[in-house]
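Visitor: Take a look at run17.cif, mmCIF, C-alpha atoms:
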```cif
data_query
#
loop_
_atom_site.label_atom_id
_atom_site.label_comp_id
_atom_site.auth_asym_id
_atom_site.auth_seq_id
_atom_site.Cartn_x
_atom_site.Cartn_y
_atom_site.Cartn_z
CA MET M 1207 75.12 104.27 81.19
CA PRO M 1208 78.05 104.95 83.48
CA GLN M 1209 80.53 107.25 81.84
CA VAL M 1210 84.00 105.82 81.88
CA ILE M 1211 86.36 108.65 82.63
CA SER M 1212 89.32 108.34 80.36
CA SER M 1213 92.54 108.44 82.28
CA SER M 1214 94.91 111.27 81.63
CA VAL M 1215 97.99 109.10 82.09
CA THR M 1216 98.13 108.16 78.45
CA ALA M 1217 98.38 110.99 75.98
CA GLU M 1218 95.03 111.50 74.32
CA PRO M 1219 95.45 111.98 70.60
CA SER M 1220 93.95 115.15 69.22
CA VAL M 1221 93.32 116.26 65.68
CA ASP M 1222 96.70 118.01 65.77
CA GLU M 1223 98.44 114.84 66.79
CA ALA M 1224 96.69 112.98 64.01
CA ALA M 1225 98.42 115.33 61.65
CA LEU M 1226 101.71 115.08 63.54
CA TYR M 1227 102.12 111.37 64.27
CA PHE M 1228 100.09 109.88 61.45
CA ASP M 1229 100.89 112.46 58.83
CA ILE M 1230 97.25 112.83 57.92
CA SER M 1231 96.43 115.83 55.77
CA GLN M 1232 93.31 117.17 54.13
CA ALA M 1233 94.56 115.64 50.88
CA ASP M 1234 94.42 112.18 52.46
CA LYS M 1235 90.86 112.79 53.53
CA GLU M 1236 89.93 113.80 49.99
CA LEU M 1237 91.63 110.77 48.48
CA VAL M 1238 89.78 108.46 50.79
CA SER M 1239 86.46 110.14 50.04
CA HIS M 1240 86.71 108.68 46.52
CA LEU M 1241 85.84 105.39 48.18
CA GLU M 1242 82.49 106.62 49.47
CA SER M 1243 80.30 104.83 46.94
CA THR M 1244 82.49 101.73 47.06
CA SER M 1245 82.35 101.51 50.83
CA ASP M 1246 78.60 102.07 50.73
CA GLU M 1247 78.00 99.21 48.42
CA MET M 1248 80.63 96.89 49.90
CA GLY M 1249 80.13 97.66 53.59
CA ASP M 1250 77.33 95.17 54.16
CA ILE M 1251 78.89 92.45 52.06
CA LEU M 1252 82.27 92.72 53.74
CA ILE M 1253 80.81 92.77 57.21
CA GLU M 1254 78.58 89.78 56.49
CA SER M 1255 81.46 87.80 55.07
CA PHE M 1256 83.70 88.77 57.97
CA TYR M 1257 81.25 87.42 60.52
CA ALA M 1258 80.60 84.34 58.44
CA HIS M 1259 84.39 83.97 58.47
CA ILE M 1260 84.91 84.30 62.23
CA MET M 1261 81.79 82.53 63.43
CA GLY M 1262 83.53 79.30 62.61
CA HIS M 1263 85.65 79.97 65.70
CA GLU M 1264 84.23 78.88 68.97
CA GLU M 1265 85.31 81.99 70.84
CA ALA M 1266 83.67 84.36 68.38
CA ALA M 1267 80.55 82.22 68.20
CA GLN M 1268 80.38 82.32 71.99
CA HIS M 1269 80.77 86.09 71.98
CA PHE M 1270 78.00 86.59 69.42
CA ARG M 1271 75.59 83.88 70.53
CA ASP M 1272 72.84 86.51 70.83
CA GLU M 1273 71.36 87.18 67.39
CA SER M 1274 70.11 90.71 68.11
CA HIS M 1275 73.46 91.57 69.65
CA LEU M 1276 75.22 90.46 66.48
CA GLU M 1277 72.86 92.54 64.34
CA ARG M 1278 73.51 95.59 66.50
CA VAL M 1279 77.25 95.07 66.24
CA LYS M 1280 77.04 94.73 62.48
CA ARG M 1281 75.04 97.93 62.15
CA GLY M 1282 77.49 99.77 64.38
CA GLN M 1283 80.41 98.41 62.43
CA LYS M 1284 78.93 99.52 59.14
CA ARG M 1285 78.54 103.03 60.43
CA TYR M 1286 82.03 102.85 61.90
CA PHE M 1287 83.60 102.00 58.54
CA ALA M 1288 81.42 104.52 56.71
CA ASP M 1289 82.61 107.24 59.10
CA LEU M 1290 86.19 106.27 58.39
CA ILE M 1291 85.64 107.20 54.75
CA THR M 1292 83.28 110.15 55.01
CA ALA M 1293 83.30 111.75 58.44
CA PRO M 1294 85.42 114.88 58.77
CA LEU M 1295 88.47 114.46 60.97
CA ASP M 1296 87.53 116.69 63.89
CA ASP M 1297 87.03 116.58 67.64
CA ALA M 1298 83.57 115.05 67.26
CA TYR M 1299 85.08 112.21 65.21
CA ILE M 1300 87.76 111.57 67.82
CA GLU M 1301 85.19 111.72 70.59
CA ASP M 1302 83.06 109.17 68.75
CA ARG M 1303 86.01 106.80 68.19
CA ARG M 1304 86.92 107.04 71.82
CA ARG M 1305 83.37 106.28 72.88
CA ILE M 1306 83.39 103.18 70.71
CA GLY M 1307 86.68 102.11 72.28
CA GLN M 1308 85.01 102.33 75.69
CA ILE M 1309 82.08 100.26 74.46
CA HIS M 1310 84.55 97.66 73.21
CA GLU M 1311 86.26 97.49 76.56
CA ARG M 1312 82.97 97.07 78.39
CA ALA M 1313 81.73 94.51 75.91
CA ARG M 1314 85.04 92.65 76.27
CA VAL M 1315 85.81 92.97 72.57
CA SER M 1316 89.43 91.94 72.38
CA PRO M 1317 91.95 94.02 70.41
CA THR M 1318 92.42 90.92 68.26
CA LEU M 1319 88.79 90.91 67.18
CA TYR M 1320 88.83 94.67 66.65
CA ILE M 1321 92.03 94.82 64.62
CA GLY M 1322 91.18 91.58 62.88
CA ALA M 1323 87.87 93.00 61.65
CA TYR M 1324 89.62 96.17 60.63
CA SER M 1325 92.31 94.32 58.72
CA TYR M 1326 89.74 92.13 57.01
CA TYR M 1327 87.81 95.20 55.90
CA LEU M 1328 90.90 97.10 54.74
CA THR M 1329 92.42 94.30 52.71
CA ARG M 1330 89.11 93.49 51.01
CA LEU M 1331 88.48 97.14 50.28
CA GLY M 1332 92.07 97.54 49.03
CA ASP M 1333 91.58 94.56 46.81
CA HIS M 1334 88.51 96.14 45.36
CA VAL M 1335 90.36 99.40 44.72
CA ARG M 1336 93.17 97.54 43.00
CA GLN M 1337 90.76 95.75 40.70
CA THR M 1338 88.55 98.68 39.82
CA MET M 1339 91.41 101.13 39.24
CA LYS M 1340 93.67 98.99 37.09
CA ASP M 1341 94.06 101.88 34.65
CA ASP M 1342 95.36 104.25 37.33
CA PRO M 1343 97.62 102.33 39.74
CA GLU M 1344 99.24 105.58 40.99
CA GLN M 1345 95.93 106.88 42.24
CA ALA M 1346 94.92 103.47 43.61
CA PHE M 1347 98.11 103.33 45.68
CA ALA M 1348 97.64 106.87 46.93
CA ILE M 1349 94.11 106.07 48.05
CA ALA M 1350 95.19 102.85 49.76
CA PHE M 1351 97.96 104.61 51.67
CA ALA M 1352 95.70 107.46 52.73
CA LEU M 1353 93.19 104.90 53.91
CA MET M 1354 95.92 103.14 55.87
CA LYS M 1355 96.92 106.35 57.67
CA LEU M 1356 93.36 107.04 58.70
CA ALA M 1357 92.85 103.46 59.77
CA HIS M 1358 96.00 103.47 61.88
CA PHE M 1359 94.97 106.69 63.56
CA ASP M 1360 91.58 105.12 64.20
CA MET M 1361 93.12 102.04 65.77
CA ALA M 1362 95.42 104.16 67.89
CA LEU M 1363 92.41 106.06 69.23
CA ALA M 1364 90.46 102.93 69.97
CA LEU M 1365 93.38 101.17 71.63
CA GLU M 1366 94.38 104.19 73.73
CA THR M 1367 90.83 104.29 74.98
CA PHE M 1368 90.76 100.56 75.47
CA VAL M 1369 93.92 100.68 77.55
CA SER M 1370 92.84 103.63 79.62
CA ALA M 1371 89.44 102.07 80.25
CA ARG M 1372 91.27 98.94 81.43
CA GLU M 1373 93.41 101.07 83.71
CA ASP M 1374 90.31 102.65 85.17
CA THR M 1375 88.87 99.20 85.76
CA ILE M 1376 92.06 98.11 87.49
CA GLN M 1377 92.08 101.24 89.61
CA ALA M 1378 88.48 100.64 90.59
CA ARG M 1379 89.38 97.09 91.65
CA GLU M 1380 92.31 98.38 93.66
CA ARG M 1381 90.03 100.85 95.34
CA GLU M 1382 87.61 98.05 96.16
CA ILE M 1383 90.41 96.03 97.68
CA SER M 1384 91.61 98.97 99.70
CA GLU M 1385 88.09 99.43 100.99
CA LEU M 1386 87.90 95.87 102.26
CA PRO M 1387 86.86 96.00 105.85
CA THR M 1388 89.40 95.12 108.50
CA PRO M 1389 88.02 92.56 110.94
CA VAL M 1390 87.84 93.35 114.63
CA LEU M 1391 88.44 90.08 116.49
CA LYS M 1392 87.73 89.39 120.12
CA LEU M 1393 90.58 87.43 121.69
CA GLN M 1394 89.10 87.26 125.16
CA ASP M 1395 86.78 89.41 127.25
CA GLY M 1396 87.93 92.99 126.90
CA LEU M 1397 90.78 92.23 124.51
CA LEU M 1398 90.50 92.89 120.78
CA LEU M 1399 92.80 92.04 117.92
CA ILE M 1400 92.77 94.03 114.71
CA PRO M 1401 94.96 92.53 111.99
CA VAL M 1402 95.63 95.07 109.28
CA VAL M 1403 96.60 93.62 105.91
CA GLY M 1404 97.32 95.35 102.64
CA THR M 1405 97.96 98.94 101.80
CA LEU M 1406 97.07 101.56 104.34
CA ASP M 1407 96.14 104.78 102.63
CA SER M 1408 94.53 107.73 104.36
CA PHE M 1409 91.07 106.59 103.41
CA ARG M 1410 91.54 103.13 104.83
CA ALA M 1411 93.34 104.42 107.91
CA ARG M 1412 90.34 106.59 108.70
CA ALA M 1413 87.96 103.66 108.27
CA LEU M 1414 90.26 101.64 110.52
CA THR M 1415 90.04 104.28 113.25
CA LEU M 1416 86.26 104.22 113.18
CA GLN M 1417 86.22 100.41 113.30
CA LEU M 1418 88.69 100.42 116.18
CA LEU M 1419 86.61 102.87 118.23
CA GLU M 1420 83.29 101.21 117.39
CA GLY M 1421 84.84 97.85 118.24
CA ILE M 1422 85.90 99.16 121.64
CA ARG M 1423 82.40 100.41 122.33
CA GLU M 1424 80.70 97.26 121.11
CA HIS M 1425 82.93 94.79 122.98
CA ARG M 1426 83.59 97.04 125.97
CA ALA M 1427 87.24 96.44 125.26
CA ARG M 1428 89.95 97.47 127.65
CA ALA M 1429 92.87 96.67 125.41
CA VAL M 1430 93.41 96.42 121.67
CA VAL M 1431 96.25 94.82 119.76
CA LEU M 1432 96.77 96.43 116.38
CA ASP M 1433 98.85 94.10 114.26
CA ILE M 1434 100.33 95.66 111.15
CA THR M 1435 102.59 92.78 110.09
CA GLY M 1436 100.69 92.65 106.81
CA VAL M 1437 101.28 96.29 106.03
CA ALA M 1438 104.22 96.87 103.74
CA ALA M 1439 104.61 100.60 104.09
CA VAL M 1440 102.88 103.59 105.60
CA ASP M 1441 103.51 107.21 104.74
CA SER M 1442 103.76 109.86 107.42
CA ALA M 1443 100.11 110.88 107.07
CA VAL M 1444 98.99 107.32 107.72
CA ALA M 1445 101.51 106.92 110.55
CA ASN M 1446 99.98 110.01 112.11
CA HIS M 1447 96.57 108.51 111.67
CA LEU M 1448 97.59 105.33 113.47
CA ILE M 1449 98.92 107.36 116.37
CA GLN M 1450 95.73 109.36 116.53
CA SER M 1451 93.65 106.20 116.49
CA MET M 1452 95.57 104.84 119.43
CA ALA M 1453 95.24 108.15 121.29
CA ALA M 1454 91.50 108.11 120.67
CA ALA M 1455 91.31 104.50 121.87
CA ARG M 1456 93.08 105.54 125.07
CA LEU M 1457 90.54 108.34 125.61
CA MET M 1458 87.87 105.67 125.53
CA GLY M 1459 89.75 103.83 128.21
CA ALA M 1460 91.34 101.13 126.07
CA GLN M 1461 95.08 100.56 125.99
CA SER M 1462 96.42 99.81 122.56
CA VAL M 1463 99.46 97.86 121.54
CA LEU M 1464 101.00 98.12 118.10
CA THR M 1465 102.72 94.98 116.88
CA GLY M 1466 104.48 93.74 113.79
CA LEU M 1467 106.12 96.97 112.68
CA SER M 1468 108.30 96.40 109.66
CA ALA M 1469 111.60 98.23 109.41
CA GLU M 1470 110.13 100.73 106.97
CA VAL M 1471 107.08 101.39 109.11
CA ALA M 1472 109.26 101.84 112.19
CA GLN M 1473 111.32 104.37 110.29
CA SER M 1474 108.35 106.36 109.07
CA LEU M 1475 106.94 106.42 112.60
CA VAL M 1476 110.22 107.85 113.88
CA LYS M 1477 110.13 110.42 111.09
CA VAL M 1478 106.80 111.79 112.30
CA GLY M 1479 108.31 112.11 115.75
CA VAL M 1480 106.88 109.04 117.44
CA THR M 1481 108.97 107.27 120.02
CA GLY M 1482 108.39 103.95 121.69
CA GLU M 1483 107.64 105.70 124.99
CA ALA M 1484 104.49 107.37 123.69
CA LEU M 1485 103.32 104.12 122.20
CA ASN M 1486 102.98 100.57 123.44
CA THR M 1487 104.71 98.44 120.88
CA ALA M 1488 105.80 94.84 120.71
CA GLY M 1489 107.85 92.94 118.20
CA ASP M 1490 105.43 90.19 117.37
CA LEU M 1491 101.80 89.39 117.96
CA GLN M 1492 102.50 86.97 120.79
CA SER M 1493 104.40 89.44 122.92
CA GLY M 1494 101.88 92.09 121.94
CA ILE M 1495 99.06 90.03 123.41
CA VAL M 1496 101.06 89.43 126.57
CA LEU M 1497 101.71 93.17 126.90
CA ALA M 1498 98.07 94.04 126.21
CA THR M 1499 96.86 91.56 128.83
CA LYS M 1500 99.24 93.09 131.36
CA LEU M 1501 98.08 96.62 130.55
CA MET M 1502 94.47 95.52 130.69
CA HIS M 1503 94.80 94.38 134.28
CA GLY M 1504 96.51 97.60 135.30
CA MET R 1100 69.78 128.05 133.87
CA THR R 1101 72.56 126.50 135.83
CA ARG R 1102 72.85 122.74 135.95
CA ARG R 1103 74.06 121.09 139.08
CA VAL R 1104 75.92 117.90 138.42
CA PRO R 1105 75.28 115.38 141.20
CA ILE R 1106 78.40 114.21 143.02
CA LEU R 1107 78.02 110.83 144.66
CA ARG R 1108 80.29 109.46 147.36
CA GLN R 1109 81.22 105.85 147.76
CA ASN R 1110 84.00 104.57 150.04
CA GLY R 1111 86.04 107.71 149.66
CA ILE R 1112 85.48 107.89 145.94
CA LEU R 1113 83.65 110.84 144.40
CA ILE R 1114 81.55 110.08 141.34
CA ALA R 1115 80.36 112.97 139.18
CA SER R 1116 78.12 111.99 136.30
CA ILE R 1117 77.65 114.68 133.70
CA GLN R 1118 74.30 113.97 132.08
CA GLU R 1119 73.94 116.90 129.69
CA GLU R 1120 75.87 119.61 127.94
CA LEU R 1121 77.27 122.05 130.48
CA SER R 1122 77.96 125.73 130.02
CA ASP R 1123 81.40 127.03 130.86
CA GLY R 1124 79.98 128.40 134.09
CA ASP R 1125 78.49 125.01 135.02
CA ILE R 1126 81.83 123.33 134.46
CA LEU R 1127 83.63 125.86 136.64
CA ALA R 1128 81.02 125.35 139.35
CA LEU R 1129 81.54 121.59 139.10
CA GLN R 1130 85.29 122.11 139.41
CA SER R 1131 85.06 124.04 142.65
CA ARG R 1132 82.50 121.63 144.14
CA ILE R 1133 84.62 118.61 143.35
CA LEU R 1134 87.72 120.17 144.81
CA SER R 1135 86.00 121.25 148.04
CA ASP R 1136 84.48 117.74 148.36
CA VAL R 1137 87.86 116.12 147.81
CA VAL R 1138 89.22 118.21 150.66
CA SER R 1139 86.23 117.79 152.98
CA ILE R 1140 85.99 113.98 152.81
CA ASN R 1141 89.64 113.43 152.01
CA ALA R 1142 88.65 111.48 148.92
CA LYS R 1143 91.14 109.04 147.41
CA ALA R 1144 89.74 109.22 143.92
CA VAL R 1145 87.45 111.19 141.63
CA VAL R 1146 85.56 109.52 138.79
CA ILE R 1147 83.97 111.79 136.20
CA ASP R 1148 81.51 110.16 133.83
CA VAL R 1149 81.11 111.95 130.51
CA SER R 1150 79.40 109.14 128.59
CA ALA R 1151 76.31 111.27 127.92
CA LEU R 1152 78.30 114.00 126.22
CA ASP R 1153 78.42 114.26 122.43
CA VAL R 1154 80.97 117.05 122.49
CA LEU R 1155 83.93 117.93 124.64
CA ASP R 1156 85.37 121.28 123.65
CA SER R 1157 88.76 122.67 124.51
CA PHE R 1158 87.42 124.57 127.51
CA GLY R 1159 85.77 121.47 128.93
CA THR R 1160 88.89 119.43 128.31
CA ARG R 1161 91.13 122.02 129.92
CA THR R 1162 88.92 122.30 132.97
CA LEU R 1163 88.77 118.52 133.38
CA THR R 1164 92.58 118.47 133.10
CA GLU R 1165 92.78 121.19 135.76
CA ILE R 1166 90.48 119.23 138.06
CA ALA R 1167 92.66 116.14 137.61
CA SER R 1168 95.85 118.07 138.32
CA SER R 1169 94.43 119.70 141.47
CA VAL R 1170 93.04 116.38 142.70
CA GLU R 1171 96.44 114.84 142.17
CA LEU R 1172 97.99 117.55 144.31
CA ARG R 1173 95.75 116.28 147.12
CA GLY R 1174 97.24 112.84 146.59
CA ALA R 1175 94.12 111.42 144.95
CA ARG R 1176 93.47 110.04 141.45
CA THR R 1177 91.11 111.13 138.71
CA ILE R 1178 89.57 108.87 136.10
CA ILE R 1179 87.53 110.14 133.14
CA VAL R 1180 84.93 107.57 132.12
CA GLY R 1181 82.91 106.91 128.99
CA ILE R 1182 84.33 109.12 126.27
CA GLN R 1183 82.36 108.21 123.14
CA PRO R 1184 84.11 107.23 119.86
CA GLU R 1185 83.07 110.40 118.04
CA VAL R 1186 84.16 112.55 120.96
CA ALA R 1187 87.49 110.73 121.20
CA MET R 1188 88.16 111.20 117.50
CA ALA R 1189 87.22 114.88 117.58
CA MET R 1190 89.42 115.49 120.61
CA VAL R 1191 92.39 113.78 119.00
CA LEU R 1192 91.95 115.84 115.84
CA LEU R 1193 91.88 119.00 117.98
CA GLY R 1194 95.06 117.83 119.71
CA LEU R 1195 93.30 117.31 123.06
CA ASP R 1196 94.39 114.05 124.58
CA PHE R 1197 94.11 114.09 128.42
CA ARG R 1198 97.73 113.13 128.37
CA ASN R 1199 98.28 112.46 132.07
CA ILE R 1200 94.79 111.48 133.09
CA ALA R 1201 93.54 107.94 133.40
CA THR R 1202 90.57 107.04 131.24
CA ALA R 1203 88.15 104.14 131.53
CA PHE R 1204 85.44 102.65 129.41
CA ASP R 1205 82.77 102.52 132.11
CA LEU R 1206 82.39 102.71 135.91
CA ASP R 1207 83.25 99.01 136.30
CA HIS R 1208 86.47 99.58 134.45
CA ALA R 1209 87.22 102.67 136.56
CA PHE R 1210 86.75 100.76 139.83
CA ASP R 1211 88.93 97.93 138.51
CA LEU R 1212 91.64 100.48 137.80
CA LEU R 1213 91.30 101.98 141.28
CA ARG R 1214 91.45 98.53 142.90
CA ALA R 1215 94.52 97.58 140.90
CA ALA R 1216 96.37 100.73 141.90
#
```
How does the structure come out when it is put into structure tokens?
Guide:
Amino acid sequence: MPQVISSSVTAEPSVDEAALYFDISQADKELVSHLESTSDEMGDILIESFYAHIMGHEEAAQHFRDESHLERVKRGQKRYFADLITAPLDDAYIEDRRRIGQIHERARVSPTLYIGAYSYYLTRLGDHVRQTMKDDPEQAFAIAFALMKLAHFDMALALETFVSAREDTIQAREREISELPTPVLKLQDGLLLIPVVGTLDSFRARALTLQLLEGIREHRARAVVLDITGVAAVDSAVANHLIQSMAAARLMGAQSVLTGLSAEVAQSLVKVGVTGEALNTAGDLQSGIVLATKLMHG
Amino acid sequence: MTRRVPILRQNGILIASIQEELSDGDILALQSRILSDVVSINAKAVVIDVSALDVLDSFGTRTLTEIASSVELRGARTIIVGIQPEVAMAMVLLGLDFRNIATAFDLDHAFDLLRAA
């Protein structure tokens, strides 16, 4: 199973923070542990009734159309709620909650379903406490509040993990996009066009260089037009890389023309000490092709 | 073992095709042979083909640059032909760029350049 690396952007709650933000103390843990037998006997019933409750909805029914999957989820959920009552609040507990958050993200369990199930469980359990402890409402309240603190901490853990797993997914997608190959197009014999679109980071700039040089070899190109109209910004490292690519292309005997420089790109090129003399540039693709054709024929 | 790079002559153009890695001594020998040939036949151009080379180090690059500069002093041109992608990239990263020397993809390209000039 691929380990989802939790991002460090969001603060990761620790046991200390549980005590700080959620005001959870050992006393709360002890109060909640009074519910152990109750949660044992009610766990199954509550979970069954919850699923009976939500399966009426098409979305939930769609999500749990696989019987064995539903059984597995129910078992996991029972353990999850049992841990809430009995498991000691330590690093292992937090680690476990975080792992479950990751599973939720992968299984596309929405926060609504997660919090909904939680709320259903808590209110039913609270109801039970209220009814069974009619003679000691003080204690019943104390237990309910302690339970609420733990539950909120639990949800915070799961949602932090959920969010950071989402962020990782988004980052992975972005990386995929940035790794999209840049096409090398043949305009006419010996003349190539490479349109660069998107973000140019160092990784992609390096891949671009290789494609440029391989393209020259493959097509026996004598001139290359590198169009960066679709590039919003380049930093100085990438600007340097572009210059190096064009120098390498020249070593292979191909003249290169850079077209479509945006104002920002032009500025960052100047910042790394590039002037128009060292570089064939043209304002737009059309004049770039004209220039390249001229260079190609000496 | 010294390797002797063949130097061909065609219509006043010298063509040296380097087929294998050369030692520093071999390159220096090539340099002096090219220059004496340029003088003896009054060549108008020198074409050096390096397409078989996987590496061009700084010494090789500097010597090729020296050859080109000396040839130019005789009023002739030098064209380096067939630098491979990997070699080109490595040279650029080392800051070696044959700044004032013409380069060509292959011999055809080199002759086109000479005709155009």
Visitor: Can you work out the spacing between atom CA of Ile1117 of chain R and atom CA of Ala1151 of chain R in Å, to one decimal?
Guide: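 The value is 6.8 Å.
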Visitor: Do you have, as CSV, the list of residues of chain R lying at most 7 Å from chain M, each with its nearest atom pair and that distance in Å to one decimal, counting only C-alpha atoms and ordered by chain then number?
Guide:
```
residue,atom,partner,partner_atom,distance
R:Gly1181,CA,M:Met1458,CA,6.2
R:Ile1182,CA,M:Met1458,CA,5.0
R:Gln1183,CA,M:Met1458,CA,6.5
R:Pro1184,CA,M:Leu1419,CA,5.3
R:Ala1187,CA,M:Ala1454,CA,4.8
R:Met1188,CA,M:Ala1454,CA,5.5
R:Val1191,CA,M:Ala1454,CA,6.0
R:Asp1196,CA,M:Ala1453,CA,6.8
R:Thr1202,CA,M:Gly1459,CA,4.5
R:Ala1203,CA,M:Gly1459,CA,3.7
R:Phe1204,CA,M:Gly1459,CA,4.6
R:Leu1212,CA,M:Gly1504,CA,6.2
R:Ala1215,CA,M:Gly1504,CA,5.9
```
Visitor: Could you tell me which residues the PyMOL selection byres ((chain M and resi 1229-1234) around 9) returns for this structure, as a PDB file with C-alpha atoms, in the frame of the given file?
Guide:
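Generated file (part_21.pdb):
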```pdb
ATOM      1  CA  GLU M1223      98.440 114.840  66.790  1.00  0.00           C
ATOM      2  CA  ALA M1224      96.690 112.980  64.010  1.00  0.00           C
ATOM      3  CA  ALA M1225      98.420 115.330  61.650  1.00  0.00           C
ATOM      4  CA  LEU M1226     101.710 115.080  63.540  1.00  0.00           C
ATOM      5  CA  TYR M1227     102.120 111.370  64.270  1.00  0.00           C
ATOM      6  CA  PHE M1228     100.090 109.880  61.450  1.00  0.00           C
ATOM      7  CA  LYS M1235      90.860 112.790  53.530  1.00  0.00           C
ATOM      8  CA  GLU M1236      89.930 113.800  49.990  1.00  0.00           C
ATOM      9  CA  LEU M1237      91.630 110.770  48.480  1.00  0.00           C
ATOM     10  CA  VAL M1238      89.780 108.460  50.790  1.00  0.00           C
ATOM     11  CA  SER M1239      86.460 110.140  50.040  1.00  0.00           C
ATOM     12  CA  LEU M1295      88.470 114.460  60.970  1.00  0.00           C
ATOM     13  CA  ALA M1348      97.640 106.870  46.930  1.00  0.00           C
ATOM     14  CA  ILE M1349      94.110 106.070  48.050  1.00  0.00           C
ATOM     15  CA  PHE M1351      97.960 104.610  51.670  1.00  0.00           C
ATOM     16  CA  ALA M1352      95.700 107.460  52.730  1.00  0.00           C
ATOM     17  CA  LEU M1353      93.190 104.900  53.910  1.00  0.00           C
ATOM     18  CA  LYS M1355      96.920 106.350  57.670  1.00  0.00           C
ATOM     19  CA  LEU M1356      93.360 107.040  58.700  1.00  0.00           C
ATOM     20  CA  PHE M1359      94.970 106.690  63.560  1.00  0.00           C
TER      21      PHE M1359
END
```
Visitor: Step by step, gather every atom of segment 1157-1160 of chain R that the file lists, find the box along x, y and z that holds them, add 8 Å on each side, and finally give centre and edge lengths in Å to one decimal, as lines of an AutoDock Vina configuration file.
Guide:
```
center_x = 87.3
center_y = 122.0
center_z = 126.7
size_x = 19.1
size_y = 21.1
size_z = 20.4
```
Visitor: R:Ala1189, R:Gly1194, R:Ala1216, R:Thr1160: which is nearest Arg1176 of chain R, counting only C-alpha atoms?
Guide: R:Ala1216
Visitor: For each of R:Glu1120, R:Asp1125, R:Glu1171, R:Asp1136, take the minimum atom-to-atom distance to Asp1156 of chain R, counting all atoms listed in the file, then give the residue where this is smallest.
Guide: R:Glu1120
Visitor: Return the single residue from M:Leu1328, M:Ala1498, M:Val1369, M:Val1444 that is closest to His1310 of chain M, with distances computed using all atoms listed in the file.
Guide: M:Val1369
Visitor: Which neighbours of segment 1110-1116 of chain R fall inside 12 Å, counting all atoms listed in the file, when residues of the same chain fewer than 2 positions from it are skipped, and could you give them as a PyMOL selection string?
Guide: chain R and resi 1102-1108+1118-1121+1126+1129-1130+1132-1152+1163+1166+1170+1175-1181+1205-1206+1209-1210+1213-1214
Visitor: Closest to Ala1313 of chain M among M:Ile1495, M:Ala1371, M:Val1335, M:Met1361, using only C-alpha atoms?
Guide: M:Ala1371
Visitor: Using the chain letters and numbers from the file, give me the residues hit by the PyMOL selection byres ((chain M and resi 1394-1403) around 8), as a PyMOL selection string.
Guide: chain M and resi 1388-1393+1404-1405+1418+1421-1422+1425-1437+1498-1499+1502
Visitor: Would you work out the distance separating atom CA of Gly1494 of chain M from atom CA of Leu1464 of chain M, expressed in Å to one decimal?
Guide: 7.2 Å
Visitor: State, in Å with one decimal place, the distance from atom CA of Phe1409 of chain M to atom CA of Ala1443 of chain M.
Guide: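 So the answer is 10.7 Å.
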Visitor: For each of M:Val1463, M:Ile1309, M:Met1248, M:Ala1445, take the minimum atom-to-atom distance to Phe1368 of chain M, counting all atoms listed in the file, then give the residue where this is smallest.
Guide: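 Comparing M:Val1463, M:Ile1309, M:Met1248, M:Ala1445 against Phe1368 of chain M, the winner is M:Ile1309.
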Visitor: Env of Arg1336 of chain M: 12 Å cut, atoms = all atoms listed in the file, seq-sep filter 4 positions within chain, self excluded. Answer as a PDB file with C-alpha atoms, in the frame of the given file.
Guide:
```
ATOM      1  CA  LEU M1241      85.840 105.390  48.180  1.00  0.00           C
ATOM      2  CA  LEU M1328      90.900  97.100  54.740  1.00  0.00           C
ATOM      3  CA  THR M1329      92.420  94.300  52.710  1.00  0.00           C
ATOM      4  CA  ARG M1330      89.110  93.490  51.010  1.00  0.00           C
ATOM      5  CA  LEU M1331      88.480  97.140  50.280  1.00  0.00           C
ATOM      6  CA  GLY M1332      92.070  97.540  49.030  1.00  0.00           C
ATOM      7  CA  LYS M1340      93.670  98.990  37.090  1.00  0.00           C
ATOM      8  CA  ASP M1341      94.060 101.880  34.650  1.00  0.00           C
ATOM      9  CA  ASP M1342      95.360 104.250  37.330  1.00  0.00           C
ATOM     10  CA  PRO M1343      97.620 102.330  39.740  1.00  0.00           C
ATOM     11  CA  GLU M1344      99.240 105.580  40.990  1.00  0.00           C
ATOM     12  CA  GLN M1345      95.930 106.880  42.240  1.00  0.00           C
ATOM     13  CA  ALA M1346      94.920 103.470  43.610  1.00  0.00           C
ATOM     14  CA  PHE M1347      98.110 103.330  45.680  1.00  0.00           C
ATOM     15  CA  ALA M1348      97.640 106.870  46.930  1.00  0.00           C
ATOM     16  CA  ILE M1349      94.110 106.070  48.050  1.00  0.00           C
ATOM     17  CA  ALA M1350      95.190 102.850  49.760  1.00  0.00           C
TER      18      ALA M1350
END
```
Visitor: I'd like to know which of R:Ile1200, R:His1208, R:Met1190, R:Leu1127 is closest to Ser1157 of chain R, using only C-alpha atoms.
Guide: R:Met1190
Visitor: Can you translate the PyMOL selection byres ((chain M and resi 1269) around 12) into the concrete residues it hits in this file, as JSON, numbers by chain?
Guide: {"M": [1257, 1260, 1261, 1262, 1263, 1264, 1265, 1266, 1267, 1268, 1270, 1271, 1272, 1273, 1275, 1276, 1279, 1313, 1314, 1315, 1316, 1319]}
Visitor: Please provide the set of residues having any atom within 10 Å of Arg1305 of chain M, restricted to all atoms listed in the file, with same-chain residues fewer than 2 positions apart removed, written as an NGL selection string.
Guide: :M and (1209-1210 or 1212 or 1299-1303 or 1307-1311 or 1363-1364 or 1367-1368)
